[in-house]
Each structure stands twice: as structure tokens, then as C-alpha cells.
>>> print(open('final_27.pdb').read())   # PDB, C-alpha atoms, pLDDT in the B column
ATOM      1  CA  MET A   1      46.527 -16.846  47.423  1.00 42.00           C
ATOM      2  CA  SER A   2      44.174 -13.980  46.587  1.00 45.00           C
ATOM      3  CA  GLU A   3      44.786 -11.490  43.801  1.00 47.00           C
ATOM      4  CA  PHE A   4      44.359  -7.874  44.868  1.00 52.00           C
ATOM      5  CA  ARG A   5      45.411  -5.982  41.732  1.00 51.00           C
ATOM      6  CA  ARG A   6      42.835  -3.647  40.267  1.00 74.00           C
ATOM      7  CA  ALA A   7      43.686  -4.476  36.649  1.00 86.00           C
ATOM      8  CA  LYS A   8      44.404  -7.824  34.971  1.00 92.00           C
ATOM      9  CA  ARG A   9      48.065  -8.305  34.070  1.00 95.00           C
ATOM     10  CA  ARG A  10      48.675 -10.123  30.804  1.00 97.00           C
ATOM     11  CA  LYS A  11      51.725 -12.341  30.454  1.00 96.00           C
ATOM     12  CA  VAL A  12      53.891 -11.361  27.492  1.00 95.00           C
ATOM     13  CA  PRO A  13      54.878 -14.516  25.585  1.00 87.00           C
ATOM     14  CA  ASP A  14      57.116 -12.767  23.046  1.00 91.00           C
ATOM     15  CA  THR A  15      59.893 -10.238  23.432  1.00 96.00           C
ATOM     16  CA  ILE A  16      58.509  -6.703  23.470  1.00 97.00           C
ATOM     17  CA  GLU A  17      61.362  -4.230  23.725  1.00 98.00           C
ATOM     18  CA  VAL A  18      60.862  -0.998  25.643  1.00 98.00           C
ATOM     19  CA  TYR A  19      62.590   2.210  24.523  1.00 98.00           C
ATOM     20  CA  ASP A  20      63.331   5.341  26.514  1.00 97.00           C
ATOM     21  CA  THR A  21      62.005   8.007  24.142  1.00 97.00           C
ATOM     22  CA  MET A  22      64.475  10.600  25.431  1.00 95.00           C
ATOM     23  CA  THR A  23      67.510   8.516  24.402  1.00 96.00           C
ATOM     24  CA  ASP A  24      65.858   6.191  21.843  1.00 97.00           C
ATOM     25  CA  GLN A  25      67.719   3.331  23.556  1.00 96.00           C
ATOM     26  CA  VAL A  26      66.281  -0.051  24.509  1.00 97.00           C
ATOM     27  CA  VAL A  27      66.004  -0.106  28.318  1.00 97.00           C
ATOM     28  CA  GLY A  28      64.384  -3.516  28.742  1.00 97.00           C
ATOM     29  CA  ARG A  29      61.544  -5.809  27.781  1.00 98.00           C
ATOM     30  CA  ILE A  30      58.038  -6.262  29.124  1.00 98.00           C
ATOM     31  CA  GLY A  31      57.415  -9.134  31.552  1.00 97.00           C
ATOM     32  CA  ASN A  32      53.701  -8.489  32.019  1.00 98.00           C
ATOM     33  CA  ILE A  33      51.399  -5.546  31.438  1.00 98.00           C
ATOM     34  CA  SER A  34      48.014  -4.144  32.454  1.00 97.00           C
ATOM     35  CA  GLU A  35      46.066  -1.031  31.535  1.00 97.00           C
ATOM     36  CA  THR A  36      47.649   0.736  34.503  1.00 97.00           C
ATOM     37  CA  GLY A  37      51.258  -0.428  34.519  1.00 98.00           C
ATOM     38  CA  MET A  38      53.871  -3.023  33.671  1.00 98.00           C
ATOM     39  CA  LEU A  39      56.664  -5.187  34.951  1.00 98.00           C
ATOM     40  CA  MET A  40      59.819  -4.734  32.905  1.00 98.00           C
ATOM     41  CA  LEU A  41      63.041  -6.713  32.861  1.00 97.00           C
ATOM     42  CA  ALA A  42      65.453  -3.791  32.601  1.00 97.00           C
ATOM     43  CA  THR A  43      69.074  -3.600  31.542  1.00 92.00           C
ATOM     44  CA  VAL A  44      69.687  -0.764  34.042  1.00 87.00           C
ATOM     45  CA  PRO A  45      68.139  -0.350  37.505  1.00 85.00           C
ATOM     46  CA  GLY A  46      66.638   3.091  36.890  1.00 87.00           C
ATOM     47  CA  MET A  47      65.641   5.277  39.807  1.00 92.00           C
ATOM     48  CA  ASP A  48      62.729   4.618  42.128  1.00 91.00           C
ATOM     49  CA  ASP A  49      60.119   7.388  42.088  1.00 95.00           C
ATOM     50  CA  ALA A  50      61.473   8.697  38.742  1.00 97.00           C
ATOM     51  CA  LEU A  51      59.353   9.560  35.704  1.00 97.00           C
ATOM     52  CA  TYR A  52      60.034   8.104  32.267  1.00 97.00           C
ATOM     53  CA  GLN A  53      58.666   8.455  28.750  1.00 98.00           C
ATOM     54  CA  LEU A  54      58.628   4.950  27.254  1.00 98.00           C
ATOM     55  CA  ARG A  55      57.699   3.439  23.889  1.00 98.00           C
ATOM     56  CA  PHE A  56      56.884  -0.148  22.908  1.00 98.00           C
ATOM     57  CA  SER A  57      54.991  -1.838  20.085  1.00 97.00           C
ATOM     58  CA  LEU A  58      52.126  -4.309  20.222  1.00 96.00           C
ATOM     59  CA  ASN A  59      50.802  -6.498  17.427  1.00 89.00           C
ATOM     60  CA  SER A  60      47.028  -6.224  17.569  1.00 76.00           C
ATOM     61  CA  ALA A  61      44.042  -6.873  15.325  1.00 72.00           C
ATOM     62  CA  ARG A  62      44.717  -3.363  13.968  1.00 73.00           C
ATOM     63  CA  GLY A  63      48.303  -4.323  13.052  1.00 89.00           C
ATOM     64  CA  LYS A  64      51.543  -3.252  14.723  1.00 94.00           C
ATOM     65  CA  HIS A  65      51.003  -0.218  16.922  1.00 96.00           C
ATOM     66  CA  ALA A  66      53.684   1.816  18.723  1.00 97.00           C
ATOM     67  CA  LEU A  67      52.473   3.085  22.096  1.00 97.00           C
ATOM     68  CA  GLU A  68      54.020   5.883  24.152  1.00 98.00           C
ATOM     69  CA  VAL A  69      53.419   6.103  27.870  1.00 98.00           C
ATOM     70  CA  GLY A  70      54.462   8.352  30.678  1.00 98.00           C
ATOM     71  CA  ALA A  71      55.508   6.016  33.490  1.00 98.00           C
ATOM     72  CA  HIS A  72      56.364   6.353  37.172  1.00 98.00           C
ATOM     73  CA  GLN A  73      58.966   3.825  38.363  1.00 97.00           C
ATOM     74  CA  LEU A  74      57.686   2.415  41.634  1.00 97.00           C
ATOM     75  CA  TRP A  75      60.442  -0.075  42.445  1.00 96.00           C
ATOM     76  CA  SER A  76      63.424  -2.009  41.100  1.00 95.00           C
ATOM     77  CA  ASP A  77      65.082  -5.211  42.278  1.00 95.00           C
ATOM     78  CA  ALA A  78      68.035  -7.210  40.949  1.00 95.00           C
ATOM     79  CA  ALA A  79      67.047 -10.190  38.797  1.00 95.00           C
ATOM     80  CA  ASN A  80      68.808 -13.573  38.936  1.00 94.00           C
ATOM     81  CA  SER A  81      70.813 -12.730  35.801  1.00 92.00           C
ATOM     82  CA  PRO A  82      73.727 -10.306  36.285  1.00 93.00           C
ATOM     83  CA  GLY A  83      73.041  -6.858  34.848  1.00 92.00           C
ATOM     84  CA  GLN A  84      69.257  -7.269  34.782  1.00 96.00           C
ATOM     85  CA  PHE A  85      66.626  -5.742  37.051  1.00 97.00           C
ATOM     86  CA  TRP A  86      62.918  -6.299  37.600  1.00 97.00           C
ATOM     87  CA  THR A  87      61.261  -2.887  37.532  1.00 97.00           C
ATOM     88  CA  GLY A  88      57.659  -1.950  38.291  1.00 97.00           C
ATOM     89  CA  PHE A  89      55.981   0.986  36.549  1.00 98.00           C
ATOM     90  CA  ARG A  90      52.636   2.728  36.926  1.00 98.00           C
ATOM     91  CA  PHE A  91      51.340   4.473  33.804  1.00 98.00           C
ATOM     92  CA  ILE A  92      50.619   8.125  34.470  1.00 98.00           C
ATOM     93  CA  ASP A  93      49.986   9.272  30.900  1.00 98.00           C
ATOM     94  CA  ILE A  94      48.747   7.378  27.856  1.00 98.00           C
ATOM     95  CA  GLY A  95      46.879   8.694  24.823  1.00 97.00           C
ATOM     96  CA  ARG A  96      43.256   7.683  24.274  1.00 97.00           C
ATOM     97  CA  GLN A  97      44.018   5.638  21.129  1.00 95.00           C
ATOM     98  CA  ASP A  98      47.045   3.972  22.735  1.00 96.00           C
ATOM     99  CA  ALA A  99      44.945   3.084  25.794  1.00 96.00           C
ATOM    100  CA  GLN A 100      42.298   1.506  23.544  1.00 94.00           C
ATOM    101  CA  VAL A 101      44.897  -0.556  21.644  1.00 94.00           C
ATOM    102  CA  LEU A 102      46.432  -1.686  24.955  1.00 96.00           C
ATOM    103  CA  ARG A 103      43.014  -2.624  26.392  1.00 95.00           C
ATOM    104  CA  GLU A 104      42.115  -4.651  23.282  1.00 94.00           C
ATOM    105  CA  TRP A 105      45.517  -6.388  23.309  1.00 95.00           C
ATOM    106  CA  ILE A 106      45.183  -7.347  26.974  1.00 95.00           C
ATOM    107  CA  GLU A 107      41.701  -8.759  26.380  1.00 94.00           C
ATOM    108  CA  SER A 108      42.502 -10.499  23.077  1.00 92.00           C
ATOM    109  CA  PRO A 109      41.680 -14.209  22.688  1.00 90.00           C
ATOM    110  CA  GLY A 110      44.355 -16.604  23.899  1.00 88.00           C
ATOM    111  CA  ALA A 111      45.811 -14.168  26.440  1.00 92.00           C
ATOM    112  CA  GLN A 112      47.212 -15.602  29.670  1.00 94.00           C
ATOM    113  CA  TYR A 113      47.221 -13.648  32.884  1.00 94.00           C
ATOM    114  CA  VAL A 114      49.458 -13.442  35.927  1.00 91.00           C
TER     115      VAL A 114
END
>>> encode(input="final_27.pdb", output="C-alpha cells")
Amino acid sequence: MSEFRRAKRRKVPDTIEVYDTMTDQVVGRIGNISETGMLMLATVPGMDDALYQLRFSLNSARGKHALEVGAHQLWSDAANSPGQFWTGFRFIDIGRQDAQVLREWIESPGAQYV
């Protein structure tokens, strides 16, 4: 099977909660992430083609860093567990410093990729 994604997607071994910044509520956790988007296991299905402002924190060489991203929900599908949904996002807005932290985290030693 060939991989056609433009950006490497890093597996997320620990729980990284994702918050909707408009409601400050946890909406899910990251399954895998790249510089251009992420797969999230959501607690609500969301709306395809909707825009979201999301926040999550990464532990990097610089310490714990909260990142905020503007994200476009591309799709959602029911997961095997009741009340959970796999949701795909494309990042449409991320600050320069946040993008650098994300890039370094994805490329950090010991990372595993999808």
C-alpha cells in the first residue's frame, strides 16, 4: 500500500485533549497529527465542512506549549465505541510559533508515524 499524504502523520501515544476555544469544552482527543491536519476521536460528530477554533497542548523540548488552530472539518464517521466519532480536520490557520512547535514535536526523536 502506498502512502499519498503530503505531510507525515505522527501517532499520538498519550492522551492529548482537544478543546473548542469558543466553549472551552473538551471535544475529543488527537489520534494522529501532521503539520497540516489531524485525526481526532470526538465526543460529538461535529459538522462536515464547518470551521472550528481548537486548542491542545504538546510537551516539547521547549516545555508544555498550548497551540491554537483554525480547523476545517473535512469528514466524520462513527467509531466502534458508542458516542464517539472519528473526525478529520485540515488546519487553515496556525500561528508561526505554534507551527514551529508542532513541526519540532512531529519530528522529535522516538516519534512513530501512521
>>> closest_residue(input="final_27.pdb", among="A:Gly83, A:Gly28, A:Gly46, A:Gly37", to="Val69 (chain A)", atoms="only C-alpha atoms")
A:Gly37
>>> residues_around(input="final_27.pdb", residues="Glu104 (chain A)", least_positions_apart="4", cutoff="12 Å", atoms="all atoms listed in the file", output="mmCIF file with C-alpha atoms, in the coordinates of the input")
data_model
loop_
_atom_site.group_PDB
_atom_site.id
_atom_site.type_symbol
_atom_site.label_atom_id
_atom_site.label_comp_id
_atom_site.auth_asym_id
_atom_site.auth_seq_id
_atom_site.Cartn_x
_atom_site.Cartn_y
_atom_site.Cartn_z
ATOM 1 C CA ARG A 10 48.675 -10.123 30.804
ATOM 2 C CA SER A 34 48.014 -4.144 32.454
ATOM 3 C CA GLU A 35 46.066 -1.031 31.535
ATOM 4 C CA LEU A 58 52.126 -4.309 20.222
ATOM 5 C CA ASN A 59 50.802 -6.498 17.427
ATOM 6 C CA SER A 60 47.028 -6.224 17.569
ATOM 7 C CA ALA A 61 44.042 -6.873 15.325
ATOM 8 C CA ARG A 62 44.717 -3.363 13.968
ATOM 9 C CA GLY A 63 48.303 -4.323 13.052
ATOM 10 C CA HIS A 65 51.003 -0.218 16.922
ATOM 11 C CA GLN A 97 44.018 5.638 21.129
ATOM 12 C CA ASP A 98 47.045 3.972 22.735
ATOM 13 C CA ALA A 99 44.945 3.084 25.794
ATOM 14 C CA GLN A 100 42.298 1.506 23.544
ATOM 15 C CA SER A 108 42.502 -10.499 23.077
ATOM 16 C CA PRO A 109 41.680 -14.209 22.688
ATOM 17 C CA ALA A 111 45.811 -14.168 26.440
#
>>> closest_residue(input="final_27.pdb", among="A:Phe91, A:Phe56, A:Trp86, A:Tyr19", to="Leu41 (chain A)", atoms="all atoms listed in the file")
A:Trp86
>>> residues_around(input="final_27.pdb", residues="Arg29 (chain A)", least_positions_apart="6", cutoff="12 Å", atoms="only C-alpha atoms", output="list of chain:residue names")
A:Val12, A:Pro13, A:Asp14, A:Thr15, A:Ile16, A:Glu17, A:Val18, A:Tyr19, A:Asp20, A:Met38, A:Leu39, A:Met40, A:Leu41, A:Ala42, A:Thr43, A:Val44, A:Leu54, A:Arg55, A:Phe56, A:Ser57, A:Gln84, A:Phe85, A:Trp86, A:Thr87, A:Gly88
>>> closest_residue(input="final_27.pdb", among="A:Gly110, A:Leu74, A:Val101, A:Phe89", to="Ile30 (chain A)", atoms="only C-alpha atoms")
A:Phe89
>>> residues_near_point(input="final_27.pdb", point="(60.0, 3.3, 34.3)", cutoff="6 Å", atoms="all atoms listed in the file", output="number ranges by chain")
A: 52, 71-73, 89
